[in-house]
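Worksheet: one structure, shown below.
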Amino acid sequence: MKILVAVKRVIDYNVKPRVKSDGSGVDLVNVKMAMNPFDEIAVEEAVRLKEAGVATEVVVVSAGTAQSQEVLRTALAMGADRAVLVESDADLQPLAVAKLLAAVAARENPQLVLLGKQAIDNDAGQTGQKLAALLGWPQATFAFKTEVDGQQLLVTREIDGGLERVALDLPAVVTTDLRLNSPRYVTLPNIMKAKKKPLETLSPEALGVDVAPRLKVLEVTEPPARKGGVMVPDIAALIEKLRNEAKVI
Amino acid sequence: MTILVIAEHDNATLKRATLNAVTAAGAAGGDVHVLVAGHGASTVVEQAANVAGVAEVLVADAPEYAHGLPENLAALVVSLARAYTHVIAASTAVGKNFMPRVAALLDSAQISDVVAFKAPDVFVRPIYAGNALATVQSSDAIKVITIRPTAFDAAATGATTAPSRAVASAPAFDKARFVGQELTKSSRPELAAANIVVSGGRGMQNGDNFKLLDALADKLGAAVGASRAAVDAGFVPNDYQVGQTGKIVAPQLYIAVGISGAIQHLAGMKDSKVIVAINKDAEAPIFQVADYGLTADLFEAVPAMTAALD
């Protein structure tokens, strides 16, 4: 089974995003970037399926600027076999990314596409589902556990208030949630090995995909700041405040 | 302008998030129709018809809609969508699952997690886990939107009865099958929907000490959460995690116990109405976002608070 894993380069989750003073977006100049944490889980899952003998090849793909090569190299160091970068300087919105991934999937013919449930920059949470719709494939979002059972994939999903199990005929699209696995740390020898693994670069034009943004960003602002609170001396004072001032208990 | 709201339900009860979605649809302007797609869900149809502001209820009843499989639900919504300017669902596990599929099939961008409507085509949504708010304009003919339930009041129920009509099913998709579900049997509310959340951090020292928070949560009717540090340390399972990579919560009251206030945690809870921080380190960053701060040893303060609520 061949697995395609989609990854995105985003702001590191430990960095506090700063809104640009002109309201045009979030400042990403000289900010630490990393692989989207949910995509890291997707890469880990694919590599584990390969180690278990279920997957034969793991191809990792990203759409974005030339710097996205960094996260592709990280995925290769984690154990992916080769990488594809769809290089574009455009503002790639989820619908465009889903179309690019559908075009890559048409070339690669994977049995399974894995990707994070959402990227921690724009928090849209759309790409996997849109990809599944464009391909006409079944989907399982928010995966907690995956089990391959012949030509079908059993996925346990995180839902509000518990877990749900679905069975999907392959090929299928699965988006990963936090509890699916704990991604491995990449080691220096593997980083060195990853440099020699193949990385192919494509363009949206070569894939025949129009990536023009559909949503126009009018403004990006700081959320209203919380006003400073007060310190209370003890529990009795706290409960009094919660009951009579905030009226929340 | 007519708006279609997709009801969320379990074939017996209309979920509260649908009431928030109806209010959001009203904020967008125009007539509001609600689609109830299910199997044997007549009580849900009645409940949807009783929601204030709903002009009509569309009913699709077929076995393939029994479990809300996204492939079938999306195909149905797409078959109906051409008659509408906006299609709206709550940004819950269900809404997040099927709505992007609807959007892709309509070749429409989706606007996720909308918290405010500025115009019929202009929306405000949080990005970077709420560290920024983006105002976006859609040029798509049919706007596909998920709304953040905590940002809109629940619509009133009971005073009115809207008419309902049956709609045809879409062709069934057979490549995905529902196998089963396990809902957590807990007397406590669900983390993402709770009015009060009590969360513990690394300061709890071990998983056993979370019993202190359980006792306080039971007194308050609260859910129990945790910081990523507490999860990483193995104190509690990952589904407790509140933060940028965990659950985003916005309860009426959030009590942070032994949590220092890392950026990634603040991103998950700073939209809470009232924040209380209990920490022995007076310099902890959590106090900068707290409405009420108490510098104290949590092992004394939490049992004292539980006892004081008797």
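Here, A, B, ... name the chains of the structure tokens in the order displayed, residue numbers run from 1 inside each chain, and ligands are numbered from 1 in the same displayed order.
Within segment 91-185 of chain B, residues classed as alpha helix (DSSP H) by DSSP on backbone coordinates are Ala93, Val94, Gly95, Lys96, Asn97, Phe98, Met99, Pro100, Arg101, Val102, Ala103, Ala104 and Leu105 of chain B.
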Given the selection you just returned, output its residues as a file containing N, CA and C atoms, formatted as a CSV table (one decimal), in the first residue's frame.
chain,number,residue,atom,x,y,z
B,93,ALA,N,-17.8,18.6,16.1
B,93,ALA,CA,-17.2,17.5,15.5
B,93,ALA,C,-17.9,17.1,14.2
B,94,VAL,N,-19.3,17.2,14.3
B,94,VAL,CA,-20.1,16.8,13.1
B,94,VAL,C,-20.0,17.8,12.0
B,95,GLY,N,-20.2,19.1,12.4
B,95,GLY,CA,-20.1,20.2,11.3
B,95,GLY,C,-18.7,20.3,10.7
B,96,LYS,N,-17.7,20.1,11.5
B,96,LYS,CA,-16.3,20.2,10.9
B,96,LYS,C,-16.1,19.0,10.0
B,97,ASN,N,-16.8,17.9,10.2
B,97,ASN,CA,-16.6,16.7,9.4
B,97,ASN,C,-17.2,16.8,8.0
B,98,PHE,N,-18.4,17.2,7.9
B,98,PHE,CA,-19.1,17.2,6.6
B,98,PHE,C,-19.1,18.5,5.8
B,99,MET,N,-19.0,19.6,6.5
B,99,MET,CA,-19.1,20.9,5.8
B,99,MET,C,-18.1,21.2,4.7
B,100,PRO,N,-16.8,20.9,5.0
B,100,PRO,CA,-15.8,21.1,3.9
B,100,PRO,C,-16.1,20.3,2.7
B,101,ARG,N,-16.7,19.1,2.9
B,101,ARG,CA,-17.0,18.3,1.8
B,101,ARG,C,-18.1,19.0,0.9
B,102,VAL,N,-19.1,19.6,1.6
B,102,VAL,CA,-20.1,20.4,0.9
B,102,VAL,C,-19.4,21.5,0.1
B,103,ALA,N,-18.5,22.2,0.8
B,103,ALA,CA,-17.9,23.4,0.1
B,103,ALA,C,-17.1,22.9,-1.1
B,104,ALA,N,-16.4,21.8,-1.0
B,104,ALA,CA,-15.6,21.4,-2.2
B,104,ALA,C,-16.5,21.0,-3.3
B,105,LEU,N,-17.6,20.3,-3.0
B,105,LEU,CA,-18.5,19.9,-4.1
B,105,LEU,C,-19.2,21.1,-4.8
_Contact residues (chain A, partner chain B, 7 Å, only C-alpha atoms) as a PyMOL selection string_ = chain A and resi 13-14+16-17+19+95+120-124+126+129-130+133-134+138+141+159-169+179+214-223+226+228-235+248
Let's have the selection written as a PDB file, in the first residue's frame, with C-alpha atoms.
ATOM      1  CA  TYR A  13       3.428  26.168  18.130  1.00  0.00           C
ATOM      2  CA  ASN A  14       5.516  27.664  20.948  1.00  0.00           C
ATOM      3  CA  LYS A  16       3.262  33.775  20.073  1.00  0.00           C
ATOM      4  CA  PRO A  17       1.862  35.102  16.790  1.00  0.00           C
ATOM      5  CA  VAL A  19      -0.398  40.772  14.297  1.00  0.00           C
ATOM      6  CA  LEU A  95      -9.709  24.706  -1.577  1.00  0.00           C
ATOM      7  CA  ILE A 120      -2.418  25.765  13.500  1.00  0.00           C
ATOM      8  CA  ASP A 121      -2.026  28.936  11.424  1.00  0.00           C
ATOM      9  CA  ASN A 122      -5.342  29.503   9.694  1.00  0.00           C
ATOM     10  CA  ASP A 123      -7.231  26.848  11.717  1.00  0.00           C
ATOM     11  CA  ALA A 124      -9.559  26.145   8.783  1.00  0.00           C
ATOM     12  CA  GLN A 126     -10.942  21.791   5.637  1.00  0.00           C
ATOM     13  CA  GLN A 129     -12.401  16.642   3.741  1.00  0.00           C
ATOM     14  CA  LYS A 130     -12.222  18.751   0.581  1.00  0.00           C
ATOM     15  CA  ALA A 133     -14.797  15.118  -1.810  1.00  0.00           C
ATOM     16  CA  LEU A 134     -12.805  16.075  -4.918  1.00  0.00           C
ATOM     17  CA  PRO A 138     -14.529   8.121   1.779  1.00  0.00           C
ATOM     18  CA  THR A 141     -11.501  12.904  10.236  1.00  0.00           C
ATOM     19  CA  ILE A 159     -16.272  12.941  18.245  1.00  0.00           C
ATOM     20  CA  ASP A 160     -17.931  15.260  20.741  1.00  0.00           C
ATOM     21  CA  GLY A 161     -18.390  13.208  23.891  1.00  0.00           C
ATOM     22  CA  GLY A 162     -16.585  10.054  22.849  1.00  0.00           C
ATOM     23  CA  LEU A 163     -15.374   7.919  19.988  1.00  0.00           C
ATOM     24  CA  GLU A 164     -16.919   6.613  16.767  1.00  0.00           C
ATOM     25  CA  ARG A 165     -15.774   3.779  14.508  1.00  0.00           C
ATOM     26  CA  VAL A 166     -16.158   3.793  10.754  1.00  0.00           C
ATOM     27  CA  ALA A 167     -15.068   1.340   8.075  1.00  0.00           C
ATOM     28  CA  LEU A 168     -13.822   2.821   4.808  1.00  0.00           C
ATOM     29  CA  ASP A 169     -13.106   1.137   1.494  1.00  0.00           C
ATOM     30  CA  ARG A 179      -4.157  10.992  20.432  1.00  0.00           C
ATOM     31  CA  ARG A 214     -11.449  32.785  -2.997  1.00  0.00           C
ATOM     32  CA  LEU A 215     -11.505  34.577   0.298  1.00  0.00           C
ATOM     33  CA  LYS A 216     -10.216  38.106   0.461  1.00  0.00           C
ATOM     34  CA  VAL A 217      -8.640  38.981   3.798  1.00  0.00           C
ATOM     35  CA  LEU A 218      -9.862  42.490   4.592  1.00  0.00           C
ATOM     36  CA  GLU A 219      -8.176  42.867   7.946  1.00  0.00           C
ATOM     37  CA  VAL A 220      -6.324  40.941  10.634  1.00  0.00           C
ATOM     38  CA  THR A 221      -6.551  42.372  14.139  1.00  0.00           C
ATOM     39  CA  GLU A 222      -5.519  41.553  17.673  1.00  0.00           C
ATOM     40  CA  PRO A 223      -8.369  40.059  19.670  1.00  0.00           C
ATOM     41  CA  ARG A 226      -8.309  40.939  28.636  1.00  0.00           C
ATOM     42  CA  GLY A 228      -6.056  43.126  34.177  1.00  0.00           C
ATOM     43  CA  GLY A 229      -7.671  41.248  37.007  1.00  0.00           C
ATOM     44  CA  VAL A 230      -7.328  41.412  40.738  1.00  0.00           C
ATOM     45  CA  MET A 231      -5.528  39.237  43.256  1.00  0.00           C
ATOM     46  CA  VAL A 232      -7.653  37.835  46.058  1.00  0.00           C
ATOM     47  CA  PRO A 233      -6.225  37.029  49.480  1.00  0.00           C
ATOM     48  CA  ASP A 234      -7.956  33.704  50.120  1.00  0.00           C
ATOM     49  CA  ILE A 235     -10.571  31.172  49.019  1.00  0.00           C
ATOM     50  CA  VAL A 248     -20.687  32.659  37.575  1.00  0.00           C
TER      51      VAL A 248
END
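Contact shell of Ala143 of chain A at 8 Å (only C-alpha atoms; same-chain neighbours under 3 positions omitted): Ala140, Thr146, Val155, Thr156, Arg157, Glu158, Val174, Thr175, Thr176, Asp177 and Leu180 of chain A.
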*Which residues come within 9 Å of Ser182 of chain A, counting only C-alpha atoms, excluding same-chain residues fewer than 4 positions away, as JSON, numbers by chain?*
{"A": [40, 41, 44, 178]}
Need to verify the contact set: segment 9-21 of chain B, 9 Å, only C-alpha atoms, exclusion of same-chain residues closer than 6 positions in sequence. Can you return it as a short mmCIF file (atom, residue, chain, number, x, y, z; two decimals) with C-alpha atoms, in the first residue's frame?
data_model
loop_
_atom_site.label_atom_id
_atom_site.label_comp_id
_atom_site.auth_asym_id
_atom_site.auth_seq_id
_atom_site.Cartn_x
_atom_site.Cartn_y
_atom_site.Cartn_z
CA VAL B 36 -33.03 17.56 9.54
CA ALA B 37 -31.35 14.60 7.84
CA GLY B 38 -31.76 11.43 9.85
CA HIS B 39 -33.64 8.20 10.19
CA GLY B 40 -36.78 8.03 12.31
CA ALA B 41 -36.02 11.49 13.66
CA SER B 42 -39.57 12.86 13.88
CA THR B 43 -39.05 14.23 17.40
CA VAL B 44 -36.04 16.18 16.11
CA VAL B 45 -38.19 17.59 13.30
CA GLN B 47 -37.97 20.35 18.03
CA ALA B 48 -36.46 22.10 14.99
CA VAL B 51 -37.01 27.02 17.22
CA ALA B 52 -37.64 30.77 17.04
CA ALA B 66 -28.96 7.60 10.54
CA HIS B 67 -25.37 8.23 11.68
CA GLY B 68 -24.52 11.46 9.92
CA ILE B 88 -24.51 27.14 7.92
CA ALA B 89 -23.63 24.48 10.48
CA ALA B 90 -22.13 24.64 13.96
CA SER B 91 -18.39 24.07 14.17
CA THR B 92 -18.73 20.86 16.18
CA THR B 146 -19.35 26.86 10.18
CA ILE B 147 -19.99 29.01 13.25
CA ARG B 148 -18.38 28.85 16.67
CA PRO B 149 -21.30 27.97 18.98
CA THR B 150 -19.94 29.93 21.94
CA ALA B 151 -20.01 33.16 19.88
CA PHE B 152 -23.80 33.17 19.36
CA ASP B 153 -26.67 32.90 21.86
CA ALA B 154 -28.96 29.90 21.56
CA ALA B 155 -32.22 30.68 19.73
CA ALA B 156 -35.36 30.47 21.87
CA THR B 157 -37.64 27.46 21.52
#
*Interatomic distance (Å, one decimal) between atom CA of Asn109 of chain A and atom CA of Met1 of chain A*: 9.9 Å
*Selection: 12 Å around Ala233 of chain B, only C-alpha atoms, excl. self and same-chain fewer than 2 positions, as a PyMOL selection string*: chain B and resi 200-207+226-231+235-238+241
*Could you name the residues that touch Ala119 of chain A at 8 Å or less, counting only C-alpha atoms, but leaving out those on the same chain fewer than 4 positions away, as a PyMOL selection string?*
chain A and resi 8+10+36-39+123-125
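Distances from B:Ala60, B:Ala162, B:Leu106, B:Ala307 to Val32 of chain B were compared using only C-alpha atoms, and the smallest one belongs to B:Ala162.
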*asked:* I'd like to know which residues of segment 100-294 of chain B are strand (DSSP E or B) (by DSSP, run on the backbone); could you write them as JSON, numbers by chain?
replied: {"B": [110, 111, 112, 113, 114, 116, 117, 118, 119, 122, 123, 124, 125, 126, 127, 132, 133, 134, 135, 136, 137, 138, 143, 144, 145, 146, 147, 157, 164, 165, 166, 176, 177, 178, 179, 180, 181, 182, 183, 196, 197, 198, 199, 200, 223, 224, 225, 226, 241, 242, 247, 253, 254, 255, 256, 257, 274, 275, 276, 277, 278, 279, 292, 293, 294]}
_Best match for closeness to Glu87 of chain A among A:Leu242, A:Val148, A:Val211, A:Ala105, counting only C-alpha atoms_ = A:Val211
_Minimum-distance residue to Pro213 of chain A, chosen among A:Leu28, A:Ile249, A:Ala34, A:Ala90 (using only C-alpha atoms)_ = A:Ala90
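Note that the spacing between atom CA of Ser88 of chain A and atom CA of Ser203 of chain A amounts to 6.7 Å.
The residue that comes closest to Gly258 of chain B, out of B:Asn209, B:Thr23, B:Ser169, B:Thr161 and on the basis of only C-alpha atoms, is B:Asn209.
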